[in-house]
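Pasting upload.cif here (mmCIF, N, CA and C atoms and all ligand atoms):
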```cif
data_upload
#
loop_
_atom_site.label_atom_id
_atom_site.label_comp_id
_atom_site.auth_asym_id
_atom_site.auth_seq_id
_atom_site.Cartn_x
_atom_site.Cartn_y
_atom_site.Cartn_z
N MET A 1 -353.20 176.92 -44.94
CA MET A 1 -354.55 176.81 -45.48
C MET A 1 -355.42 176.06 -44.47
N ASP A 2 -356.69 176.47 -44.31
CA ASP A 2 -357.59 175.71 -43.46
C ASP A 2 -358.96 175.59 -44.13
N ALA A 3 -359.86 174.89 -43.44
CA ALA A 3 -361.17 174.58 -44.02
C ALA A 3 -362.01 175.83 -44.27
N ASP A 4 -361.66 176.95 -43.64
CA ASP A 4 -362.43 178.19 -43.82
C ASP A 4 -362.00 178.98 -45.06
N THR A 5 -360.93 178.55 -45.72
CA THR A 5 -360.46 179.27 -46.90
C THR A 5 -361.55 179.26 -47.97
N PRO A 6 -361.97 180.45 -48.49
CA PRO A 6 -362.97 180.46 -49.56
C PRO A 6 -362.47 179.67 -50.77
N THR A 7 -363.36 178.93 -51.41
CA THR A 7 -362.97 178.04 -52.50
C THR A 7 -362.15 178.77 -53.57
N GLU A 8 -362.56 180.03 -53.89
CA GLU A 8 -361.87 180.74 -54.97
C GLU A 8 -360.45 181.15 -54.58
N GLU A 9 -360.13 181.03 -53.29
CA GLU A 9 -358.76 181.39 -52.85
C GLU A 9 -357.87 180.18 -52.60
N VAL A 10 -358.42 178.98 -52.81
CA VAL A 10 -357.69 177.77 -52.44
C VAL A 10 -356.36 177.63 -53.19
N LEU A 11 -356.36 177.89 -54.50
CA LEU A 11 -355.12 177.71 -55.26
C LEU A 11 -354.04 178.69 -54.78
N ASP A 12 -354.45 179.95 -54.51
CA ASP A 12 -353.48 180.93 -54.01
C ASP A 12 -352.95 180.52 -52.64
N GLU A 13 -353.85 180.06 -51.78
CA GLU A 13 -353.43 179.63 -50.43
C GLU A 13 -352.50 178.43 -50.53
N LEU A 14 -352.85 177.49 -51.40
CA LEU A 14 -352.00 176.30 -51.56
C LEU A 14 -350.62 176.71 -52.06
N PHE A 15 -350.58 177.60 -53.05
CA PHE A 15 -349.27 177.99 -53.59
C PHE A 15 -348.46 178.74 -52.52
N ALA A 16 -349.13 179.59 -51.74
CA ALA A 16 -348.44 180.32 -50.67
C ALA A 16 -347.88 179.33 -49.64
N THR A 17 -348.65 178.28 -49.33
CA THR A 17 -348.16 177.25 -48.39
C THR A 17 -346.93 176.56 -48.95
N ILE A 18 -346.98 176.23 -50.25
CA ILE A 18 -345.84 175.56 -50.90
C ILE A 18 -344.60 176.46 -50.84
N GLU A 19 -344.78 177.75 -51.12
CA GLU A 19 -343.65 178.69 -51.08
C GLU A 19 -343.08 178.80 -49.66
N SER A 20 -343.98 178.79 -48.68
CA SER A 20 -343.55 178.85 -47.28
C SER A 20 -342.76 177.59 -46.90
N ARG A 21 -343.24 176.41 -47.34
CA ARG A 21 -342.50 175.16 -47.06
C ARG A 21 -341.12 175.23 -47.73
N LYS A 22 -341.05 175.76 -48.93
CA LYS A 22 -339.77 175.86 -49.65
C LYS A 22 -338.79 176.74 -48.87
N ALA A 23 -339.29 177.82 -48.27
CA ALA A 23 -338.42 178.75 -47.55
C ALA A 23 -338.01 178.20 -46.19
N GLU A 24 -338.95 177.50 -45.52
CA GLU A 24 -338.69 177.11 -44.13
C GLU A 24 -338.33 175.63 -43.94
N LEU A 25 -338.68 174.79 -44.90
CA LEU A 25 -338.40 173.35 -44.84
C LEU A 25 -338.70 172.71 -43.49
N PRO A 26 -339.95 172.84 -42.99
CA PRO A 26 -340.29 172.20 -41.72
C PRO A 26 -340.19 170.68 -41.86
N GLU A 27 -339.81 170.01 -40.76
CA GLU A 27 -339.51 168.57 -40.84
C GLU A 27 -340.71 167.68 -41.13
N ASP A 28 -341.87 168.03 -40.57
CA ASP A 28 -343.03 167.12 -40.67
C ASP A 28 -343.91 167.44 -41.89
N SER A 29 -343.29 167.83 -42.98
CA SER A 29 -344.05 168.29 -44.14
C SER A 29 -343.76 167.43 -45.37
N TYR A 30 -344.84 166.95 -46.03
CA TYR A 30 -344.65 166.20 -47.28
C TYR A 30 -344.00 167.10 -48.34
N THR A 31 -344.41 168.37 -48.37
CA THR A 31 -343.85 169.30 -49.37
C THR A 31 -342.34 169.43 -49.19
N THR A 32 -341.89 169.48 -47.92
CA THR A 32 -340.45 169.54 -47.66
C THR A 32 -339.73 168.33 -48.26
N THR A 33 -340.36 167.14 -48.15
CA THR A 33 -339.70 165.94 -48.71
C THR A 33 -339.52 166.07 -50.22
N LEU A 34 -340.42 166.80 -50.88
CA LEU A 34 -340.28 166.99 -52.34
C LEU A 34 -339.12 167.95 -52.64
N PHE A 35 -338.98 169.00 -51.82
CA PHE A 35 -337.91 169.98 -52.06
C PHE A 35 -336.52 169.45 -51.68
N THR A 36 -336.49 168.42 -50.83
CA THR A 36 -335.18 167.96 -50.32
C THR A 36 -334.84 166.54 -50.75
N HIS A 37 -335.64 165.96 -51.64
CA HIS A 37 -335.44 164.55 -52.01
C HIS A 37 -334.07 164.34 -52.66
N GLU A 38 -333.48 163.19 -52.35
CA GLU A 38 -332.13 162.91 -52.89
C GLU A 38 -332.12 162.84 -54.42
N LYS A 39 -333.28 162.53 -55.02
CA LYS A 39 -333.35 162.49 -56.49
C LYS A 39 -333.55 163.88 -57.08
N GLY A 40 -333.64 164.89 -56.22
CA GLY A 40 -333.83 166.26 -56.70
C GLY A 40 -335.15 166.41 -57.43
N GLU A 41 -335.17 167.31 -58.42
CA GLU A 41 -336.43 167.58 -59.12
C GLU A 41 -336.96 166.34 -59.85
N ASN A 42 -336.07 165.38 -60.16
CA ASN A 42 -336.53 164.17 -60.85
C ASN A 42 -337.62 163.46 -60.07
N TYR A 43 -337.57 163.55 -58.72
CA TYR A 43 -338.58 162.89 -57.91
C TYR A 43 -339.96 163.51 -58.16
N VAL A 44 -340.00 164.84 -58.22
CA VAL A 44 -341.29 165.52 -58.49
C VAL A 44 -341.76 165.19 -59.90
N LEU A 45 -340.83 165.12 -60.84
CA LEU A 45 -341.21 164.78 -62.22
C LEU A 45 -341.81 163.37 -62.26
N GLU A 46 -341.20 162.44 -61.50
CA GLU A 46 -341.76 161.08 -61.43
C GLU A 46 -343.17 161.10 -60.83
N LYS A 47 -343.33 161.87 -59.74
CA LYS A 47 -344.65 161.95 -59.09
C LYS A 47 -345.68 162.51 -60.07
N LEU A 48 -345.29 163.53 -60.82
CA LEU A 48 -346.20 164.12 -61.80
C LEU A 48 -346.63 163.09 -62.83
N GLY A 49 -345.66 162.28 -63.29
CA GLY A 49 -345.98 161.23 -64.26
C GLY A 49 -346.98 160.24 -63.67
N GLU A 50 -346.73 159.84 -62.41
CA GLU A 50 -347.64 158.89 -61.74
C GLU A 50 -349.04 159.47 -61.61
N GLU A 51 -349.11 160.71 -61.14
CA GLU A 51 -350.43 161.32 -60.90
C GLU A 51 -351.18 161.54 -62.22
N MET A 52 -350.42 161.87 -63.29
CA MET A 52 -351.05 162.03 -64.60
C MET A 52 -351.65 160.71 -65.06
N THR A 53 -350.86 159.63 -64.90
CA THR A 53 -351.34 158.30 -65.30
C THR A 53 -352.59 157.93 -64.52
N GLU A 54 -352.55 158.18 -63.18
CA GLU A 54 -353.71 157.84 -62.34
C GLU A 54 -354.93 158.67 -62.73
N THR A 55 -354.70 159.92 -63.13
CA THR A 55 -355.80 160.78 -63.56
C THR A 55 -356.43 160.23 -64.85
N ILE A 56 -355.56 159.84 -65.79
CA ILE A 56 -356.05 159.30 -67.07
C ILE A 56 -356.85 158.01 -66.83
N LEU A 57 -356.32 157.14 -65.95
CA LEU A 57 -357.02 155.87 -65.68
C LEU A 57 -358.39 156.12 -65.04
N ALA A 58 -358.46 157.11 -64.14
CA ALA A 58 -359.74 157.45 -63.50
C ALA A 58 -360.74 157.94 -64.55
N ALA A 59 -360.25 158.74 -65.50
CA ALA A 59 -361.13 159.24 -66.57
C ALA A 59 -361.62 158.07 -67.43
N LYS A 60 -360.68 157.17 -67.77
CA LYS A 60 -361.05 156.02 -68.61
C LYS A 60 -362.09 155.14 -67.90
N ASP A 61 -362.00 155.07 -66.56
CA ASP A 61 -362.94 154.26 -65.77
C ASP A 61 -364.26 154.99 -65.50
N ASP A 62 -364.35 156.25 -65.99
CA ASP A 62 -365.53 157.08 -65.69
C ASP A 62 -365.79 157.17 -64.19
N ASP A 63 -364.70 157.24 -63.42
CA ASP A 63 -364.81 157.33 -61.95
C ASP A 63 -364.60 158.80 -61.56
N ARG A 64 -365.72 159.53 -61.44
CA ARG A 64 -365.66 160.98 -61.22
C ARG A 64 -364.94 161.34 -59.91
N GLU A 65 -365.25 160.59 -58.85
CA GLU A 65 -364.63 160.88 -57.55
C GLU A 65 -363.12 160.69 -57.61
N GLU A 66 -362.70 159.58 -58.22
CA GLU A 66 -361.27 159.29 -58.36
C GLU A 66 -360.60 160.31 -59.29
N LEU A 67 -361.33 160.72 -60.33
CA LEU A 67 -360.80 161.72 -61.27
C LEU A 67 -360.47 163.02 -60.53
N LEU A 68 -361.39 163.44 -59.67
CA LEU A 68 -361.16 164.69 -58.92
C LEU A 68 -360.02 164.52 -57.92
N TYR A 69 -359.97 163.37 -57.24
CA TYR A 69 -358.91 163.10 -56.26
C TYR A 69 -357.54 163.13 -56.93
N GLU A 70 -357.41 162.41 -58.03
CA GLU A 70 -356.10 162.34 -58.72
C GLU A 70 -355.76 163.67 -59.38
N SER A 71 -356.77 164.41 -59.86
CA SER A 71 -356.51 165.73 -60.45
C SER A 71 -355.95 166.67 -59.39
N ALA A 72 -356.47 166.58 -58.17
CA ALA A 72 -355.97 167.42 -57.08
C ALA A 72 -354.51 167.07 -56.77
N ASP A 73 -354.18 165.77 -56.74
CA ASP A 73 -352.79 165.35 -56.54
C ASP A 73 -351.90 165.92 -57.65
N LEU A 74 -352.43 165.85 -58.87
CA LEU A 74 -351.67 166.32 -60.05
C LEU A 74 -351.40 167.82 -59.95
N VAL A 75 -352.44 168.59 -59.64
CA VAL A 75 -352.29 170.05 -59.57
C VAL A 75 -351.32 170.43 -58.44
N TYR A 76 -351.46 169.77 -57.28
CA TYR A 76 -350.55 170.05 -56.16
C TYR A 76 -349.09 169.83 -56.60
N HIS A 77 -348.79 168.68 -57.21
CA HIS A 77 -347.41 168.39 -57.61
C HIS A 77 -346.94 169.33 -58.72
N LEU A 78 -347.86 169.76 -59.59
CA LEU A 78 -347.49 170.73 -60.63
C LEU A 78 -347.11 172.07 -60.00
N LEU A 79 -347.87 172.48 -58.99
CA LEU A 79 -347.56 173.75 -58.30
C LEU A 79 -346.21 173.66 -57.58
N VAL A 80 -345.92 172.48 -57.01
CA VAL A 80 -344.59 172.30 -56.38
C VAL A 80 -343.50 172.44 -57.44
N LEU A 81 -343.72 171.84 -58.61
CA LEU A 81 -342.71 171.95 -59.68
C LEU A 81 -342.51 173.41 -60.10
N LEU A 82 -343.61 174.15 -60.26
CA LEU A 82 -343.49 175.57 -60.65
C LEU A 82 -342.68 176.33 -59.60
N SER A 83 -342.99 176.09 -58.33
CA SER A 83 -342.26 176.75 -57.26
C SER A 83 -340.78 176.37 -57.29
N MET A 84 -340.50 175.11 -57.52
CA MET A 84 -339.12 174.61 -57.58
C MET A 84 -338.34 175.33 -58.68
N LYS A 85 -339.05 175.68 -59.76
CA LYS A 85 -338.41 176.33 -60.90
C LYS A 85 -338.54 177.86 -60.82
N ASP A 86 -338.91 178.34 -59.62
CA ASP A 86 -339.06 179.78 -59.38
C ASP A 86 -340.08 180.45 -60.30
N ALA A 87 -341.08 179.70 -60.70
CA ALA A 87 -342.23 180.28 -61.41
C ALA A 87 -343.38 180.38 -60.41
N SER A 88 -344.33 181.26 -60.67
CA SER A 88 -345.42 181.46 -59.71
C SER A 88 -346.77 181.15 -60.33
N LEU A 89 -347.77 181.11 -59.46
CA LEU A 89 -349.14 180.91 -59.92
C LEU A 89 -349.56 182.09 -60.82
N ASP A 90 -349.09 183.29 -60.49
CA ASP A 90 -349.40 184.45 -61.33
C ASP A 90 -348.75 184.31 -62.72
N ASP A 91 -347.55 183.74 -62.77
CA ASP A 91 -346.91 183.50 -64.08
C ASP A 91 -347.80 182.56 -64.92
N LEU A 92 -348.35 181.55 -64.26
CA LEU A 92 -349.23 180.61 -64.96
C LEU A 92 -350.50 181.31 -65.44
N ARG A 93 -351.07 182.14 -64.54
CA ARG A 93 -352.29 182.90 -64.92
C ARG A 93 -351.99 183.79 -66.12
N GLU A 94 -350.83 184.45 -66.09
CA GLU A 94 -350.44 185.36 -67.18
C GLU A 94 -350.36 184.60 -68.50
N GLU A 95 -349.73 183.42 -68.43
CA GLU A 95 -349.59 182.60 -69.64
C GLU A 95 -350.97 182.22 -70.20
N LEU A 96 -351.87 181.83 -69.30
CA LEU A 96 -353.22 181.46 -69.74
C LEU A 96 -353.96 182.66 -70.30
N LYS A 97 -353.80 183.80 -69.62
CA LYS A 97 -354.49 185.03 -70.05
C LYS A 97 -354.05 185.45 -71.46
N ASN A 98 -352.76 185.26 -71.73
CA ASN A 98 -352.22 185.65 -73.04
C ASN A 98 -352.81 184.84 -74.18
N ARG A 99 -353.51 183.78 -73.84
CA ARG A 99 -354.10 182.93 -74.89
C ARG A 99 -355.51 183.34 -75.23
N PHE A 100 -356.09 184.28 -74.49
CA PHE A 100 -357.45 184.73 -74.81
C PHE A 100 -357.46 185.48 -76.14
N1 LIG A 201 -352.50 169.34 -51.59
C1 LIG A 201 -351.66 168.64 -51.01
C2 LIG A 201 -351.38 167.29 -51.47
N2 LIG A 201 -351.91 166.57 -52.48
C3 LIG A 201 -351.28 165.38 -52.42
N3 LIG A 201 -350.39 165.35 -51.42
C4 LIG A 201 -349.56 164.21 -51.00
O1 LIG A 201 -349.02 163.65 -52.15
C5 LIG A 201 -348.77 162.26 -51.92
C6 LIG A 201 -349.25 161.56 -53.15
O2 LIG A 201 -348.50 160.44 -53.22
P1 LIG A 201 -349.14 159.07 -53.70
O3 LIG A 201 -349.94 159.28 -54.94
O4 LIG A 201 -348.01 158.10 -53.75
O5 LIG A 201 -350.09 158.72 -52.44
P2 LIG A 201 -351.56 158.30 -52.39
O6 LIG A 201 -352.44 159.35 -52.99
O7 LIG A 201 -351.82 157.96 -50.97
O8 LIG A 201 -351.55 156.98 -53.25
P3 LIG A 201 -352.31 156.60 -54.58
O9 LIG A 201 -353.50 155.83 -54.13
O10 LIG A 201 -352.69 157.85 -55.35
O11 LIG A 201 -351.29 155.79 -55.32
C7 LIG A 201 -349.51 161.88 -50.65
O12 LIG A 201 -348.59 161.69 -49.60
C8 LIG A 201 -350.38 163.09 -50.37
O13 LIG A 201 -350.49 163.34 -48.97
C9 LIG A 201 -350.42 166.53 -50.79
N4 LIG A 201 -349.71 167.02 -49.74
C10 LIG A 201 -349.97 168.29 -49.32
N5 LIG A 201 -350.92 169.08 -49.93
C11 LIG A 201 -351.17 170.47 -49.45
O14 LIG A 201 -349.98 171.03 -48.99
C12 LIG A 201 -350.18 171.58 -47.69
C13 LIG A 201 -348.90 171.44 -46.92
O15 LIG A 201 -348.63 170.08 -46.68
P4 LIG A 201 -347.33 169.66 -45.88
O16 LIG A 201 -346.18 170.08 -46.71
O17 LIG A 201 -347.41 168.16 -45.71
O18 LIG A 201 -347.37 170.38 -44.56
C14 LIG A 201 -351.32 170.76 -47.07
O19 LIG A 201 -351.99 171.52 -46.11
C15 LIG A 201 -352.18 170.53 -48.28
O20 LIG A 201 -352.99 171.70 -48.45
#
```
Could you quickly redo this structure as structure tokens?
Amino acid sequence: MDADTPTEEVLDELFATIESRKAELPEDSYTTTLFTHEKGENYVLEKLGEEMTETILAAKDDDREELLYESADLVYHLLVLLSMKDASLDDLREELKNRF
């Protein structure tokens, strides 16, 4: 993903990057550390809990900038979890669509 990615394609690009990290496990990648952590998926679950808490605190503080920053951390870690469980962004879209 780079700065030229159209905004509406960012989630797809991010998920594709996560899938690529999962397949290739490059050494200098934060995403790789999530896929290879000694605590396994529990580490990602802990990170999700932390990011959720930080998101809630930002909302309670009415700190819009922090809310967006922590929400982005939360969404990124959620996408890593979906990838870890062999679910895709399209699976998530399908689930949401079924609720219309
Ligand atoms: N979107 C993200 C992304 N969001 C959050 N993070 C990392 O998630 C970690 C969050 O951990 P913490 O909350 O402990 O860190 P923090 O935010 O500095 O600390 P707090 O102030 O929130 O407590 C940080 O190390 C962030 O760098 C991310 N790391 C990577 N990505 C994307 O994934 C792509 C691939 O990244 P690599 O795998 O590193 O190549 C990147 O190009 C980005 O597009």
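Counting only C-alpha atoms and comparing A:Ala3, A:Val10, A:Leu96, A:Pro26, the residue that lies closest to Ala72 of chain A is A:Val10.
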Residues of chain A that have any atom at most 6.5 Å from an atom of ligand LIG 201 (chain A): could you tabulate them with the shortest-distance atom pair and the distance in Å to one decimal, using all atoms listed in the file, ordered by chain and increasing number, as a Markdown table?
```
| residue | atom | partner | partner_atom | distance |
| --- | --- | --- | --- | --- |
| A:Met1 | N | A:LIG201 | O19 | 5.7 |
| A:Leu14 | CA | A:LIG201 | O20 | 5.6 |
| A:Thr17 | C | A:LIG201 | C13 | 5.8 |
| A:Ile18 | N | A:LIG201 | O14 | 6.1 |
| A:Arg21 | CA | A:LIG201 | O16 | 6.3 |
| A:Asp28 | C | A:LIG201 | O17 | 5.2 |
| A:Ser29 | CA | A:LIG201 | O17 | 3.7 |
| A:Tyr30 | N | A:LIG201 | O17 | 2.9 |
| A:Thr31 | N | A:LIG201 | O16 | 3.0 |
| A:Thr32 | N | A:LIG201 | O16 | 4.5 |
| A:Glu51 | CA | A:LIG201 | O3 | 6.3 |
| A:Ala72 | C | A:LIG201 | N2 | 5.0 |
| A:Asp73 | CA | A:LIG201 | N2 | 4.3 |
| A:Leu74 | N | A:LIG201 | N2 | 6.5 |
| A:Tyr76 | CA | A:LIG201 | N1 | 5.0 |
| A:His77 | N | A:LIG201 | N2 | 6.0 |
```
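Using only N, CA and C atoms, the shortest contact distance between Lys22 of chain A and any of A:Thr7, A:Ser83, A:Ser88, A:Thr53 is found at A:Ser83.
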Exercise: Glu54 of chain A partners within 8 Å, all atoms listed in the file, chain neighbours under 4 positions left out, as number ranges by chain: A: 48-50, 58-60, 66-67, 69-71
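For the atom pair formed by atom C of Leu57 of chain A and atom N of Tyr43 of chain A, the distance is 23.0 Å, given to one decimal.
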Nearest-residue call for Met84 of chain A, choices A:Glu8, A:Glu46, A:Asp62, A:Glu41, using only C-alpha atoms: A:Glu41
Sel. of alpha helix (DSSP H) residues, chain A, as a count of residues only: 72
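Put simply, atom C of Asp63 of chain A is 29.3 Å away from atom N of Asn42 of chain A.
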Atom-to-atom span, atom CA of Met52 of chain A and atom CA of Arg64 of chain A, Å: 15.0 Å
Extending 5 Å beyond the listed atoms of segment 22-29 of chain A on each side, what axis-aligned box results? I want centre and edge lengths in Å to one decimal, as AutoDock Vina command-line options.
```
--center_x -341.0 --center_y 172.9 --center_z -45.1 --size_x 16.0 --size_y 21.6 --size_z 19.1
```
Option closest in space to Leu81 of chain A, from A:Asp61, A:Thr55, A:Val44, A:Leu68 [counting only N, CA and C atoms]: A:Val44
